[in-house]
Amino acid sequence: MTISKHYVEDNGYWYAYHSDWDKFLSEGSQGLYVLGCMGRDEAYALPYQWIHSRVQHLNVTEREGKSHWHILLYPGPSGGLALRLNNGQNESLENFKIRLAISSAAGS
């Protein structure tokens, strides 16, 4: 799981998806790349096959023989978040949304 704060100036959330993580997730029977969003009561669990099939449409940074793709989430039309692709399109993440509940009994 990786977590991002909300970037007010861009009204979005920013993450990295590392090539090592892509390889690791490919080796599992059901790999999930989970994105937490500070200030929201949801997270997004993206299946490996789904995110891997979109890396060619993501901006990438390469350094010292390693690379990571830029994951940018912005508000979608349904109130949830969408993945911004480098071709200008957005893909809804509604099918991958996990509602989070915070217990007020924590620590009691």
# chains A, B, ... in the order shown; residues from 1 in each chain; ligands from 1
call {"tool": "residues_around", "arguments": {"residues": "range 70-85 of chain A", "least_positions_apart": "3", "cutoff": "8 Å", "atoms": "only C-alpha atoms", "output": "list in words"}}
result
Asn11, Gly12, Tyr13, Trp14, Tyr15, Ala16, Tyr17, His57, Leu58, Asn59, Val60, Thr61, Gly88, Gln89, Asn90, Glu91, Ser92, Leu93 and Glu94 of chain A
call {"tool": "write_last_selection", "arguments": {"atoms": "C-alpha atoms", "output": "CSV table (one decimal), in the first residue's frame"}}
result
chain,number,residue,atom,x,y,z
A,11,ASN,CA,-6.6,18.9,-6.7
A,12,GLY,CA,-5.2,15.4,-6.9
A,13,TYR,CA,-3.1,12.6,-5.4
A,14,TRP,CA,0.3,11.6,-6.7
A,15,TYR,CA,2.0,8.2,-6.4
A,16,ALA,CA,4.9,6.3,-7.9
A,17,TYR,CA,4.6,2.8,-9.3
A,57,HIS,CA,0.1,5.4,-21.0
A,58,LEU,CA,1.8,6.8,-17.8
A,59,ASN,CA,4.6,9.2,-17.5
A,60,VAL,CA,7.8,7.5,-16.4
A,61,THR,CA,11.0,8.6,-14.7
A,88,GLY,CA,-5.2,13.1,-21.8
A,89,GLN,CA,-7.9,10.6,-20.8
A,90,ASN,CA,-9.0,9.6,-17.4
A,91,GLU,CA,-10.0,6.1,-16.2
A,92,SER,CA,-12.5,5.8,-13.4
A,93,LEU,CA,-11.4,3.8,-10.4
A,94,GLU,CA,-14.9,3.2,-9.1
call {"tool": "closest_residue", "arguments": {"among": "A:Leu32, A:Ala45, A:Ala101, A:Cys37", "to": "Lys5 in chain A", "atoms": "only C-alpha atoms"}}
result
A:Cys37
call {"tool": "select_by_dssp", "arguments": {"residues": "chain A", "states": "helix (DSSP H, G or I)", "output": "MDAnalysis selection string"}}
result
chainID A and resid 19:26 48:52 55:57 94:96
call {"tool": "residues_around", "arguments": {"residues": "Gln30 in chain A", "least_positions_apart": "5", "cutoff": "10 Å", "atoms": "only C-alpha atoms", "output": "VMD selection string"}}
result
chain A and resid 25 47 to 49
call {"tool": "atom_distance", "arguments": {"atom1": "CA of Leu35 in chain A", "atom2": "CA of Ile3 in chain A"}}
result
5.8 Å
call {"tool": "select_by_dssp", "arguments": {"residues": "chain A", "states": "strand (DSSP E or B)", "output": "PyMOL selection string"}}
result
chain A and resi 2-4+7+12-18+32-37+42-47+60-63+66-75+81-84+90-92+97-99
call {"tool": "closest_residue", "arguments": {"among": "A:Gly39, A:Gln56, A:Glu27, A:Ser67", "to": "Tyr7 in chain A", "atoms": "only C-alpha atoms"}}
result
A:Gly39
call {"tool": "atom_distance", "arguments": {"atom1": "CA of His68 in chain A", "atom2": "CA of Arg99 in chain A"}}
result
27.3 Å
call {"tool": "closest_residue", "arguments": {"among": "A:Thr2, A:Glu62, A:Asp10, A:Arg54", "to": "Tyr33 in chain A", "atoms": "only C-alpha atoms"}}
result
A:Thr2
call {"tool": "closest_residue", "arguments": {"among": "A:Ser29, A:Trp21, A:Ser53, A:Gly36", "to": "Met1 in chain A", "atoms": "only C-alpha atoms"}}
result
A:Gly36
call {"tool": "atom_distance", "arguments": {"atom1": "CA of Gly31 in chain A", "atom2": "CA of His6 in chain A"}}
result
25.4 Å
call {"tool": "residues_around", "arguments": {"residues": "Tyr44 in chain A", "least_positions_apart": "3", "cutoff": "6 Å", "atoms": "only C-alpha atoms", "output": "PyMOL selection string"}}
result
chain A and resi 34-35+96-98
